[in-house]
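Working notes, beginning with the structure itself.
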Amino acid sequence: MSMKIGFIGLGNMGAPMATNLAKAGHDVAGFDVAGTTAEGVRVADSLEAAVAGMNAVITMLPNGSILRQVAAQAIPHMAQGTLFIDCSTVDVESAKNTAQAAEDKGIMAVDAPVSGGIGGASGGTLTFMAGGSEEAFANAKPLFDIMGQKAVHCGDAGAGQAAKICNNMILGVTMIATCEAFALADKLGLDRQKMFDVVSTSSGYSWSMNAYCPAPGVGPTSPADNGYTPGFAAELMLKDLGLSQQAAEMANADTPMGELARALYAQFVENEDGSGKDFSAMLPRFETRGRNG
Ligand code: NAD
């Protein structure tokens with residue numbers, strides 16, 4: 001059944017997601033403050049026009065404070081029973097507050113951050129990790145099935161964001177560990193291909209090593225083979241590691257490795273040459289360093 005969908009935030013991720021919904025036969029109206037558009041998507045000339053009279057509203061925005069602003073402006077124009085899906089990666093508190101504000105107006109809210117990056121967004125192969133009621137998730141599922149290949153209902157409001165930042169904390173830590181191990185192997189005279197052959201089939205294996213190897217010419221094709229052009233940018237990894245530390249503080253969780261990974265990516269992005277590079281460019285960073293920097 002064709003739905004009327006408002007899509008807010010037509011950036012790198014949002015535009016191809018909105019296009020996939022339109023291609024599947026939905027009537028999609030898009031709005032972005034930067035004036036960006038998406039193939040097959042009608043342009044709404046205001047946020048209000050993009051949300052009023054819709055069956056579902058989807059947001060794909062840079063951060064939690066923008067989400068809160070957009071939600072505060074949009075919710076009063078949304079009818080009771082509308083489905084509100086936020087796919088941005090934001091802090092758990094913003095996800096919970098937004099869901100509460102929506103539910104107070106009889107709007108069904110789902111926080112549904114994604115993994116799979118720009119390739120997954122255009123290919124319709126994203127993974128959604130969702131938080132919200134059973135009913136809201138069941139209503140959102142057909143839309144997740146168009147934009148992605150897997151959707152996991154993780155729990156109540158905020159649970160999708162919790163799953164996302166825990167996953168990306170593991171990713172940040174394992175990528176750094178993989179890069180520093182390659183740099184150590186270099187200095188021990190170990191061939192990188194041999195290092196990959198052993199680790200990728202031994203207990204040091206991980207997604208960072210096996211699927212996204214940071215060493216050029218080794219393992220599957222990855223951003224390392226393309227001069228570390230992102231892929232997944234180091235600044236986005238820094239954002240997600242910051243969100244995991246913010247959540248850890250709120251929940252009084254001890255996360256020393258996550259904090260160290262955040263500090264290393266902050267150093268890399270803010271004080272070194274990591275900005276604009278893929279997050280696996282930690283390998284050339286470690287290559288050039290000794291024990292005292
Ligand atoms: P992006 O910066 O390309 O897109 C965000 C869009 O939101 C921009 O076009 C911007 O103009 C628009 N926007 C900002 N404020 C707005 C407002 N008030 N009203 C309407 N539009 C507004 O970012 P992206 O790469 O598309 O990422 C979006 C979200 O997805 C982020 O939360 C990011 O962390 C997450 N994410 C990104 C990736 C990735 O690989 N790019 C992967 C997974 C998750």
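Chain lettering (A, B, ...) mirrors the order of the structure tokens, residue numbering begins at 1 for each chain separately, and ligand numbering begins at 1 in order of display.
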Write as an mmCIF file with C-alpha atoms, in the first residue's frame the residues around ligand 1, taking 8 Å as the cut-off and counting only C-alpha atoms and all ligand atoms.
data_model
loop_
_atom_site.group_PDB
_atom_site.id
_atom_site.type_symbol
_atom_site.label_atom_id
_atom_site.label_comp_id
_atom_site.auth_asym_id
_atom_site.auth_seq_id
_atom_site.Cartn_x
_atom_site.Cartn_y
_atom_site.Cartn_z
ATOM 1 C CA ILE A 8 13.742 15.393 6.457
ATOM 2 C CA GLY A 9 17.493 15.579 5.810
ATOM 3 C CA LEU A 10 18.476 14.683 2.242
ATOM 4 C CA GLY A 11 22.236 14.390 2.795
ATOM 5 C CA ASN A 12 24.644 11.611 1.839
ATOM 6 C CA MET A 13 22.506 8.990 3.544
ATOM 7 C CA GLY A 14 19.014 10.512 3.499
ATOM 8 C CA ALA A 15 18.826 11.257 -0.242
ATOM 9 C CA PHE A 31 12.928 18.739 2.903
ATOM 10 C CA ASP A 32 16.505 19.813 3.632
ATOM 11 C CA VAL A 33 17.668 23.216 4.889
ATOM 12 C CA ALA A 34 20.537 23.067 2.389
ATOM 13 C CA GLY A 35 18.036 22.763 -0.486
ATOM 14 C CA THR A 36 19.304 19.323 -1.511
ATOM 15 C CA LEU A 47 9.443 21.510 7.199
ATOM 16 C CA MET A 60 18.194 11.620 8.758
ATOM 17 C CA LEU A 61 20.022 14.500 10.454
ATOM 18 C CA PRO A 62 23.553 15.280 11.653
ATOM 19 C CA ASN A 63 23.089 15.189 15.448
ATOM 20 C CA ILE A 66 19.270 19.323 15.368
ATOM 21 C CA LEU A 67 16.932 16.351 15.790
ATOM 22 C CA GLN A 69 14.905 21.277 17.060
ATOM 23 C CA VAL A 70 13.353 19.589 14.032
ATOM 24 C CA CYS A 87 17.385 7.187 11.413
ATOM 25 C CA SER A 88 20.121 9.659 12.481
ATOM 26 C CA THR A 89 22.866 8.620 14.890
ATOM 27 C CA VAL A 90 22.232 10.710 18.026
ATOM 28 C CA PRO A 113 19.999 4.347 13.410
ATOM 29 C CA VAL A 114 21.665 2.431 10.624
ATOM 30 C CA SER A 115 24.867 0.742 9.690
ATOM 31 C CA GLY A 116 26.016 0.093 6.155
ATOM 32 C CA GLY A 117 27.116 3.593 5.117
ATOM 33 C CA ILE A 118 26.473 5.374 1.845
ATOM 34 C CA GLY A 231 34.251 4.980 3.439
ATOM 35 C CA PHE A 232 33.525 5.811 6.984
ATOM 36 C CA ALA A 233 35.225 9.083 7.852
ATOM 37 C CA LEU A 236 32.131 10.203 12.027
ATOM 38 C CA LYS A 239 31.299 11.489 16.745
ATOM 39 C CA ASP A 240 30.112 7.957 17.567
#
Exercise for the section: Compile the contact shell of Ile170 of chain A as a list in words: residues with an atom at most 12 Å away, counting only C-alpha atoms, same-chain residues fewer than 2 positions apart removed. Expected result: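 My list of contacting residues is Ala163, Lys164, Ile165, Cys166, Asn167, Asn168, Gly172, Val173, Thr174, Met175, Ile176, Ala177, Thr178, Ser206, Trp207, Ser208, Met237, Asp240, Leu241, Ser244, Thr255, Pro256, Met257, Gly258, Glu259, Leu260, Ala261 and Arg262 of chain A.
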Practice task
Based on DSSP run over this structure's backbone, return all residues of segment 210-262 of chain A in alpha helix (DSSP H), as a list in words.
Solution key: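 Filtering segment 210-262 of chain A down to alpha helix (DSSP H) leaves Asn210, Ala234, Glu235, Leu236, Met237, Leu238, Lys239, Asp240, Leu241, Gly242, Leu243, Ser244, Gln245, Gln246, Ala247, Ala248, Glu249, Met250, Ala251, Pro256, Met257, Gly258, Glu259, Leu260, Ala261 and Arg262 of chain A.
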For the residues in that selection, give me N, CA, C and O atoms as a CSV table (one decimal), in the first residue's frame.
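Ended up saving to again.csv:
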chain,number,residue,atom,x,y,z
A,210,ASN,N,39.2,-8.5,8.8
A,210,ASN,CA,38.8,-9.4,7.7
A,210,ASN,C,38.0,-8.8,6.6
A,210,ASN,O,38.1,-9.2,5.5
A,234,ALA,N,36.9,9.4,9.6
A,234,ALA,CA,37.4,9.4,10.9
A,234,ALA,C,36.6,10.4,11.8
A,234,ALA,O,36.3,10.1,13.0
A,235,GLU,N,36.1,11.5,11.2
A,235,GLU,CA,35.3,12.4,12.1
A,235,GLU,C,33.9,11.8,12.5
A,235,GLU,O,33.4,12.1,13.6
A,236,LEU,N,33.4,10.9,11.6
A,236,LEU,CA,32.1,10.2,12.0
A,236,LEU,C,32.4,9.2,13.1
A,236,LEU,O,31.6,9.0,14.0
A,237,MET,N,33.6,8.5,13.0
A,237,MET,CA,33.9,7.6,14.1
A,237,MET,C,34.1,8.4,15.4
A,237,MET,O,33.7,7.9,16.5
A,238,LEU,N,34.8,9.5,15.3
A,238,LEU,CA,34.9,10.4,16.5
A,238,LEU,C,33.6,10.8,17.1
A,238,LEU,O,33.4,10.7,18.3
A,239,LYS,N,32.6,11.1,16.3
A,239,LYS,CA,31.3,11.5,16.7
A,239,LYS,C,30.7,10.3,17.5
A,239,LYS,O,30.2,10.5,18.6
A,240,ASP,N,30.8,9.1,16.9
A,240,ASP,CA,30.1,8.0,17.6
A,240,ASP,C,30.8,7.6,18.9
A,240,ASP,O,30.2,7.2,19.8
A,241,LEU,N,32.2,7.7,18.9
A,241,LEU,CA,32.9,7.4,20.1
A,241,LEU,C,32.5,8.4,21.2
A,241,LEU,O,32.5,8.1,22.4
A,242,GLY,N,32.3,9.7,20.8
A,242,GLY,CA,31.9,10.7,21.8
A,242,GLY,C,30.5,10.3,22.3
A,242,GLY,O,30.3,10.5,23.5
A,243,LEU,N,29.6,9.9,21.5
A,243,LEU,CA,28.3,9.5,21.9
A,243,LEU,C,28.3,8.3,22.9
A,243,LEU,O,27.6,8.3,23.9
A,244,SER,N,29.2,7.4,22.6
A,244,SER,CA,29.3,6.2,23.5
A,244,SER,C,29.9,6.7,24.9
A,244,SER,O,29.4,6.2,25.9
A,245,GLN,N,30.8,7.6,24.9
A,245,GLN,CA,31.3,8.1,26.2
A,245,GLN,C,30.3,8.9,27.0
A,245,GLN,O,30.2,8.8,28.2
A,246,GLN,N,29.5,9.7,26.2
A,246,GLN,CA,28.4,10.5,26.8
A,246,GLN,C,27.4,9.5,27.5
A,246,GLN,O,27.0,9.7,28.6
A,247,ALA,N,27.1,8.4,26.8
A,247,ALA,CA,26.2,7.4,27.3
A,247,ALA,C,26.8,6.7,28.5
A,247,ALA,O,26.1,6.5,29.5
A,248,ALA,N,28.1,6.4,28.5
A,248,ALA,CA,28.8,5.7,29.5
A,248,ALA,C,28.8,6.6,30.8
A,248,ALA,O,28.6,6.1,31.9
A,249,GLU,N,29.0,7.9,30.6
A,249,GLU,CA,28.9,8.8,31.8
A,249,GLU,C,27.6,8.8,32.4
A,249,GLU,O,27.4,8.7,33.7
A,250,MET,N,26.6,8.9,31.6
A,250,MET,CA,25.2,8.9,32.1
A,250,MET,C,24.8,7.6,32.8
A,250,MET,O,24.2,7.7,33.8
A,251,ALA,N,25.3,6.5,32.3
A,251,ALA,CA,24.9,5.2,32.9
A,251,ALA,C,25.9,4.7,33.9
A,251,ALA,O,25.8,3.6,34.5
A,256,PRO,N,37.1,2.1,29.6
A,256,PRO,CA,38.4,2.7,29.4
A,256,PRO,C,38.9,2.6,28.0
A,256,PRO,O,39.5,3.5,27.5
A,257,MET,N,38.6,1.5,27.3
A,257,MET,CA,39.1,1.3,25.9
A,257,MET,C,38.4,2.2,25.0
A,257,MET,O,38.9,2.8,24.1
A,258,GLY,N,37.1,2.4,25.2
A,258,GLY,CA,36.3,3.3,24.4
A,258,GLY,C,36.7,4.7,24.6
A,258,GLY,O,36.8,5.5,23.6
A,259,GLU,N,37.1,5.1,25.8
A,259,GLU,CA,37.6,6.5,26.0
A,259,GLU,C,38.9,6.7,25.4
A,259,GLU,O,39.2,7.7,24.8
A,260,LEU,N,39.8,5.7,25.4
A,260,LEU,CA,41.1,5.8,24.8
A,260,LEU,C,40.9,5.9,23.3
A,260,LEU,O,41.6,6.7,22.6
A,261,ALA,N,40.0,5.1,22.7
A,261,ALA,CA,39.8,5.2,21.3
A,261,ALA,C,39.3,6.6,20.9
A,261,ALA,O,39.7,7.2,19.9
A,262,ARG,N,38.3,7.1,21.7
A,262,ARG,CA,37.8,8.5,21.5
A,262,ARG,C,38.9,9.5,21.5
A,262,ARG,O,39.0,10.3,20.6
Exercise for the section: Compile the contact shell of Gly30 of chain A as JSON, numbers by chain: residues with an atom at most 6 Å away, counting only C-alpha atoms, same-chain residues fewer than 3 positions apart removed. Expected result: {"A": [6, 7, 8, 43, 44]}
Exercise for the section: Please provide the set of residues having any atom within 12 Å of Gly217 of chain A, restricted to only C-alpha atoms, with same-chain residues fewer than 4 positions apart removed, written as a list of chain:residue names. Expected result: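 Everything that qualifies: A:Arg192, A:Gln193, A:Phe196, A:Tyr212, A:Cys213, A:Thr221, A:Ser222, A:Pro223, A:Ala224, A:Asp225, A:Asn226, A:Gly227.
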Practice task
Work out how far atom CA of Gly40 of chain A is from atom CA of Gly53 of chain A, in Å to one decimal.
Solution key: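 Going from atom CA of Gly53 of chain A over to atom CA of Gly40 of chain A covers 19.3 Å.
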Exercise for the section: Identify, with DSSP run on backbone atoms, the residues in segment 56-249 of chain A assigned to strand (DSSP E or B), and express the list as a list of chain:residue names. Expected result: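 Of segment 56-249 of chain A, the ones in strand (DSSP E or B) are A:Ala56, A:Val57, A:Ile58, A:Thr59, A:Leu83, A:Phe84, A:Ile85, A:Asp86, A:Met108, A:Ala109, A:Val110, A:Asp111, A:Val114, A:Ser115, A:Leu126, A:Thr127, A:Phe128, A:Met129, A:Ala130, A:Gly131, A:Gly148, A:Gln149, A:Lys150, A:Ala151, A:Val152, A:His153, A:Cys154, A:Gly155, A:Ala233.
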Exercise for the section: Enter the distance from atom CA of Val51 of chain A to atom CA of Thr37 of chain A, in Å, rounded to one decimal. Expected result: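 Computed distance, atom CA of Val51 of chain A to atom CA of Thr37 of chain A, equals 16.1 Å.
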Problem - Of the listed residues A:Leu83, A:Ile107, A:Ala38, A:Val92, that which approaches Ser65 of chain A most closely, counting only C-alpha atoms - result: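 Among the listed residues, A:Val92 lies closest to Ser65 of chain A.
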Exercise for the section: Rank A:Gly131, A:Pro230, A:Pro76, A:Pro142 by their smallest atom-to-atom distance to Met3 of chain A, using only C-alpha atoms, and report the top residue only. Expected result: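 Checking each candidate against Met3 of chain A, we get A:Pro142 as the closest.
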Practice task
May I ask which of the residues A:Cys154, A:Leu184, A:Val198, A:Val218 is the closest one to Arg289 of chain A, counting only C-alpha atoms?
Solution key: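 Selected residue with least distance to Arg289 of chain A: A:Leu184.
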Exercise for the section: Grab the atom CA of Ile146 of chain A to atom CA of Ala101 of chain A distance for me, in Å with one decimal place. Expected result: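 If I compute the distance from atom CA of Ile146 of chain A to atom CA of Ala101 of chain A, I get 27.0 Å.
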